[in-house]
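Have a look at model.txt; it's compact mmCIF, C-alpha atoms:
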# COMPACT_ATOMS: atom_id res chain seq x y z
CA MET A 1 26.08 -39.04 59.95
CA THR A 2 28.01 -40.05 63.04
CA PRO A 3 28.31 -43.76 63.94
CA THR A 4 25.98 -43.19 66.92
CA VAL A 5 23.26 -41.73 64.65
CA VAL A 6 23.59 -44.70 62.24
CA GLY A 7 23.40 -47.08 65.22
CA LEU A 8 20.31 -45.32 66.60
CA VAL A 9 18.51 -45.38 63.21
CA ALA A 10 19.44 -49.08 62.76
CA GLY A 11 18.31 -49.77 66.32
CA THR A 12 15.01 -47.95 65.80
CA LEU A 13 14.20 -49.93 62.64
CA THR A 14 15.12 -53.36 64.07
CA SER A 15 13.39 -52.37 67.33
CA VAL A 16 10.03 -51.62 65.75
CA ALA A 17 10.25 -54.37 63.09
CA ALA A 18 8.34 -56.98 65.09
CA ILE A 19 5.52 -54.61 66.15
CA PRO A 20 3.48 -54.96 62.88
CA GLN A 21 3.73 -58.77 63.18
CA VAL A 22 2.45 -58.64 66.79
CA VAL A 23 -0.42 -56.33 65.73
CA ARG A 24 -1.33 -58.57 62.78
CA THR A 25 -1.21 -61.74 64.89
CA LEU A 26 -3.34 -60.17 67.66
CA ARG A 27 -5.83 -58.92 65.03
CA THR A 28 -6.16 -62.16 63.05
CA GLY A 29 -5.45 -64.75 65.74
CA GLN A 30 -3.72 -66.78 63.01
CA VAL A 31 -0.15 -68.11 63.26
CA ARG A 32 -0.29 -70.84 60.58
CA ASP A 33 2.54 -69.54 58.39
CA ILE A 34 4.81 -68.32 61.21
CA SER A 35 7.76 -70.48 62.26
CA ILE A 36 8.11 -70.67 66.06
CA TRP A 37 11.91 -70.63 65.64
CA GLN A 38 12.23 -67.06 64.40
CA PRO A 39 10.68 -65.32 67.45
CA LEU A 40 12.26 -67.92 69.79
CA LEU A 41 15.81 -67.46 68.47
CA LEU A 42 15.32 -63.69 68.29
CA THR A 43 14.15 -63.55 71.93
CA VAL A 44 17.32 -65.27 73.17
CA GLY A 45 19.50 -63.47 70.62
CA VAL A 46 18.35 -59.91 71.37
CA ALA A 47 18.62 -60.61 75.12
CA LEU A 48 22.29 -61.47 74.53
CA TRP A 49 22.75 -58.36 72.34
CA MET A 50 21.55 -56.33 75.35
CA VAL A 51 24.13 -58.08 77.57
CA TYR A 52 26.80 -57.38 74.92
CA GLY A 53 25.75 -53.72 74.79
CA MET A 54 26.08 -53.52 78.59
CA LEU A 55 29.51 -55.20 78.56
CA ILE A 56 30.93 -52.80 75.96
CA SER A 57 28.90 -49.83 77.34
CA ASP A 58 27.15 -49.26 74.01
CA LEU A 59 23.93 -47.29 74.48
CA PRO A 60 22.29 -47.95 71.04
CA LEU A 61 22.76 -51.72 71.50
CA MET A 62 21.20 -51.65 74.97
CA LEU A 63 18.16 -49.53 74.10
CA ALA A 64 17.50 -51.01 70.65
CA ASN A 65 16.84 -54.50 71.98
CA ILE A 66 14.16 -53.78 74.60
CA THR A 67 11.20 -53.59 72.18
CA PRO A 68 12.21 -56.66 70.07
CA LEU A 69 12.68 -58.62 73.30
CA VAL A 70 9.11 -57.81 74.36
CA CYS A 71 7.62 -58.32 70.87
CA ASN A 72 9.37 -61.62 70.14
CA SER A 73 8.57 -63.06 73.57
CA LEU A 74 4.94 -62.11 72.88
CA LEU A 75 5.05 -63.77 69.42
CA VAL A 76 6.37 -67.01 70.96
CA PHE A 77 3.46 -66.88 73.44
CA LEU A 78 0.93 -66.14 70.67
CA LYS A 79 2.31 -68.94 68.46
CA PHE A 80 1.59 -71.38 71.31
CA LYS A 81 -1.76 -69.78 72.18
CA TYR A 82 -3.12 -69.86 68.62
CA ARG A 83 -1.36 -73.02 67.41
CA ASP A 84 -3.22 -75.75 65.59
CA CYS A 85 -2.61 -79.31 66.81
CA ARG A 86 -2.02 -80.33 63.17
CA ASP A 87 0.47 -77.49 62.81
CA ILE A 88 4.01 -78.18 61.58
CA PRO A 89 6.84 -76.46 63.51
CA MET B 1 32.67 -65.01 78.85
CA THR B 2 34.32 -62.06 77.16
CA PRO B 3 32.16 -59.36 75.54
CA THR B 4 33.28 -60.57 72.09
CA VAL B 5 32.09 -64.13 72.84
CA VAL B 6 28.70 -62.81 74.06
CA GLY B 7 28.47 -60.65 70.92
CA LEU B 8 29.30 -63.60 68.67
CA VAL B 9 26.73 -65.89 70.35
CA ALA B 10 24.09 -63.12 70.14
CA GLY B 11 25.06 -62.52 66.52
CA THR B 12 24.85 -66.21 65.67
CA LEU B 13 21.35 -66.54 67.16
CA THR B 14 19.93 -63.39 65.53
CA SER B 15 21.76 -64.32 62.30
CA VAL B 16 20.15 -67.73 61.95
CA ALA B 17 16.74 -66.67 63.37
CA ALA B 18 15.13 -65.96 60.00
CA ILE B 19 16.39 -69.18 58.32
CA PRO B 20 13.57 -71.43 59.68
CA GLN B 21 11.00 -68.88 58.47
CA VAL B 22 12.54 -68.85 54.98
CA VAL B 23 12.59 -72.69 54.94
CA ARG B 24 8.95 -72.88 56.11
CA THR B 25 7.79 -70.28 53.59
CA LEU B 26 9.62 -72.00 50.70
CA ARG B 27 8.16 -75.37 51.78
CA THR B 28 4.54 -74.24 52.24
CA GLY B 29 4.35 -71.38 49.74
CA GLN B 30 2.04 -69.67 52.24
CA VAL B 31 2.56 -66.13 53.57
CA ARG B 32 -0.98 -65.39 54.83
CA ASP B 33 -0.08 -64.68 58.47
CA ILE B 34 3.21 -62.91 57.83
CA SER B 35 3.34 -59.11 57.97
CA ILE B 36 5.39 -57.64 55.12
CA TRP B 37 6.65 -54.96 57.52
CA GLN B 38 8.78 -57.21 59.72
CA PRO B 39 11.13 -58.51 56.96
CA LEU B 40 11.06 -55.11 55.22
CA LEU B 41 12.07 -53.12 58.32
CA LEU B 42 14.61 -55.80 59.29
CA THR B 43 16.21 -55.69 55.82
CA VAL B 44 16.84 -51.94 56.07
CA GLY B 45 17.65 -52.15 59.80
CA VAL B 46 20.26 -54.91 59.60
CA ALA B 47 21.88 -53.21 56.59
CA LEU B 48 22.34 -50.13 58.79
CA TRP B 49 23.65 -52.30 61.69
CA MET B 50 26.33 -53.52 59.25
CA VAL B 51 27.23 -49.92 58.39
CA TYR B 52 27.36 -49.10 62.12
CA GLY B 53 29.61 -52.13 62.72
CA MET B 54 31.95 -50.90 59.97
CA LEU B 55 32.00 -47.35 61.36
CA ILE B 56 32.94 -48.48 64.87
CA SER B 57 35.12 -51.36 63.54
CA ASP B 58 33.04 -53.99 65.40
CA LEU B 59 33.52 -57.44 63.86
CA PRO B 60 30.51 -59.25 65.49
CA LEU B 61 28.14 -56.50 64.27
CA MET B 62 29.47 -56.70 60.73
CA LEU B 63 29.39 -60.50 60.39
CA ALA B 64 26.14 -61.10 62.32
CA ASN B 65 24.03 -59.12 59.90
CA ILE B 66 24.95 -60.78 56.58
CA THR B 67 22.61 -63.80 56.94
CA PRO B 68 19.58 -61.83 58.25
CA LEU B 69 20.06 -59.36 55.40
CA VAL B 70 19.86 -62.20 52.85
CA CYS B 71 16.99 -64.02 54.66
CA ASN B 72 14.82 -60.94 55.21
CA SER B 73 15.30 -59.68 51.66
CA LEU B 74 14.22 -63.16 50.52
CA LEU B 75 11.15 -63.08 52.81
CA VAL B 76 10.09 -59.70 51.35
CA PHE B 77 10.40 -61.22 47.87
CA LEU B 78 8.47 -64.38 48.90
CA LYS B 79 5.72 -62.30 50.56
CA PHE B 80 5.16 -60.55 47.23
CA LYS B 81 5.53 -63.76 45.19
CA TYR B 82 3.02 -65.75 47.24
CA ARG B 83 0.69 -62.93 48.22
CA ASP B 84 -3.05 -63.22 47.84
CA CYS B 85 -4.83 -60.28 46.19
CA ARG B 86 -7.31 -60.33 49.08
CA ASP B 87 -4.42 -60.25 51.55
CA ILE B 88 -4.24 -57.57 54.22
CA PRO B 89 -0.85 -55.87 54.73

Just dump the structure as structure tokens.
Amino acid sequence: MTPTVVGLVAGTLTSVAAIPQVVRTLRTGQVRDISIWQPLLLTVGVALWMVYGMLISDLPLMLANITPLVCNSLLVFLKFKYRDCRDIP
Amino acid sequence: MTPTVVGLVAGTLTSVAAIPQVVRTLRTGQVRDISIWQPLLLTVGVALWMVYGMLISDLPLMLANITPLVCNSLLVFLKFKYRDCRDIP
């Protein structure tokens, strides 16, 4: 496998990783056991990975971070939408 | 900011992102609202990002994925440990 293929497979897996969590959260409307910090830090982090990918002209890095950026932003929104006032952070 | 600095900041954020979730899960012992697929796909995905980083000799990619690999493997284990038999995937 060439490095680009490994990068694309890695990017595909980390790209789609947050989708099942978004689906589950939308389906159950429950966010009790989810820490707000994971999707929040990932949103900022993957946005910077995209910038890094642009700066070093690395296609897998640029493409792989679009879906997690959308999914993690959505999870931050859903955590606030469905949060319980008694909830711990 | 140089590309390496952007990569290191991105790597730091995505590296530490799963730590609060691990802490919360260990503290509450509850995994009801967590999809097993996110930590599972991230475990395999970040392992491959490390391989990609090695193949293209990219230091930020190699270092940034050690902590998420440990944290997400741990979350997969905790999801199984604390799972409810009536739990949905």

One decimal, Å: what's the distance from CA of Thr28 in chain A over to CA of Leu69 in chain B, could you say?
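Result for CA of Thr28 in chain A versus CA of Leu69 in chain B: 27.5 Å, one decimal.
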
Pick from B:Gln38, B:Ser57, B:Thr67, B:Thr25, whichever lies nearest to Arg83 in chain B using only C-alpha atoms:
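Of B:Gln38, B:Ser57, B:Thr67, B:Thr25, the one nearest Arg83 in chain B is B:Thr25, counting only C-alpha atoms.
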
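The spacing separating CA of Ala10 in chain B from CA of Gly53 in chain A amounts to 10.6 Å.
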
May I ask for the distance between CA of Asn72 in chain B and CA of Pro20 in chain B, given in Å to one decimal place?
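CA of Asn72 in chain B sits 11.5 Å away from CA of Pro20 in chain B.
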
Nearest to chain A among B:Val22, B:Met54, B:Leu41, B:Ile36, with distances taken over all atoms listed in the file: which residue is it?
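For chain A, the nearest of the candidates is B:Leu41.
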
Specify as a PyMOL selection string all residues of chain A found within 7 Å of chain B, counting all atoms listed in the file.
chain A and resi 3+6-7+10-11+13-14+17-18+20-21+24+30-35+37-38+41-42+45-46+48-49+52+55-56

Could the centre and edge lengths of an axis-aligned box, enclosing all atoms of range 48-64 of chain A in the file with 5 Å extra on each side, be given in Å to one decimal as AutoDock Vina command-line options?
--center_x 24.2 --center_y -54.4 --center_z 74.6 --size_x 23.4 --size_y 24.2 --size_z 17.9

Could you rebuild range 27-49 of chain B with N, CA and C atoms and give me the result as a tab-separated table (two decimals), in the frame of the given file?
chain	number	residue	atom	x	y	z
B	27	ARG	N	8.77	-74.04	51.76
B	27	ARG	CA	8.16	-75.37	51.78
B	27	ARG	C	6.65	-75.30	51.59
B	28	THR	N	6.01	-74.32	52.28
B	28	THR	CA	4.54	-74.24	52.24
B	28	THR	C	4.01	-73.34	51.13
B	29	GLY	N	4.82	-72.34	50.73
B	29	GLY	CA	4.35	-71.38	49.74
B	29	GLY	C	3.21	-70.52	50.27
B	30	GLN	N	3.11	-70.45	51.59
B	30	GLN	CA	2.04	-69.67	52.24
B	30	GLN	C	2.63	-68.51	53.04
B	31	VAL	N	2.06	-67.30	52.84
B	31	VAL	CA	2.56	-66.13	53.57
B	31	VAL	C	1.41	-65.35	54.22
B	32	ARG	N	0.24	-66.05	54.37
B	32	ARG	CA	-0.98	-65.39	54.83
B	32	ARG	C	-0.82	-64.63	56.15
B	33	ASP	N	-0.13	-65.26	57.12
B	33	ASP	CA	-0.08	-64.68	58.47
B	33	ASP	C	1.17	-63.84	58.72
B	34	ILE	N	1.96	-63.66	57.67
B	34	ILE	CA	3.21	-62.91	57.83
B	34	ILE	C	3.00	-61.46	57.42
B	35	SER	N	3.38	-60.53	58.31
B	35	SER	CA	3.34	-59.11	57.97
B	35	SER	C	4.55	-58.76	57.12
B	36	ILE	N	4.29	-58.06	56.01
B	36	ILE	CA	5.39	-57.64	55.12
B	36	ILE	C	6.36	-56.71	55.85
B	37	TRP	N	5.84	-55.98	56.85
B	37	TRP	CA	6.65	-54.96	57.52
B	37	TRP	C	7.83	-55.50	58.30
B	38	GLN	N	7.66	-56.68	58.93
B	38	GLN	CA	8.78	-57.21	59.72
B	38	GLN	C	10.02	-57.49	58.85
B	39	PRO	N	9.92	-58.32	57.77
B	39	PRO	CA	11.13	-58.51	56.96
B	39	PRO	C	11.62	-57.25	56.26
B	40	LEU	N	10.68	-56.35	55.91
B	40	LEU	CA	11.06	-55.11	55.22
B	40	LEU	C	11.88	-54.19	56.15
B	41	LEU	N	11.36	-53.98	57.36
B	41	LEU	CA	12.07	-53.12	58.32
B	41	LEU	C	13.39	-53.77	58.76
B	42	LEU	N	13.38	-55.11	58.89
B	42	LEU	CA	14.61	-55.80	59.29
B	42	LEU	C	15.68	-55.73	58.20
B	43	THR	N	15.25	-55.79	56.93
B	43	THR	CA	16.21	-55.69	55.82
B	43	THR	C	16.96	-54.36	55.88
B	44	VAL	N	16.20	-53.27	56.01
B	44	VAL	CA	16.84	-51.94	56.07
B	44	VAL	C	17.63	-51.80	57.38
B	45	GLY	N	17.02	-52.27	58.47
B	45	GLY	CA	17.65	-52.15	59.80
B	45	GLY	C	18.99	-52.89	59.90
B	46	VAL	N	19.01	-54.16	59.47
B	46	VAL	CA	20.26	-54.91	59.60
B	46	VAL	C	21.34	-54.40	58.64
B	47	ALA	N	20.91	-53.83	57.50
B	47	ALA	CA	21.88	-53.21	56.59
B	47	ALA	C	22.57	-52.04	57.31
B	48	LEU	N	21.76	-51.26	58.06
B	48	LEU	CA	22.34	-50.13	58.79
B	48	LEU	C	23.19	-50.60	59.98
B	49	TRP	N	22.80	-51.73	60.62
B	49	TRP	CA	23.65	-52.30	61.69
B	49	TRP	C	25.02	-52.66	61.12
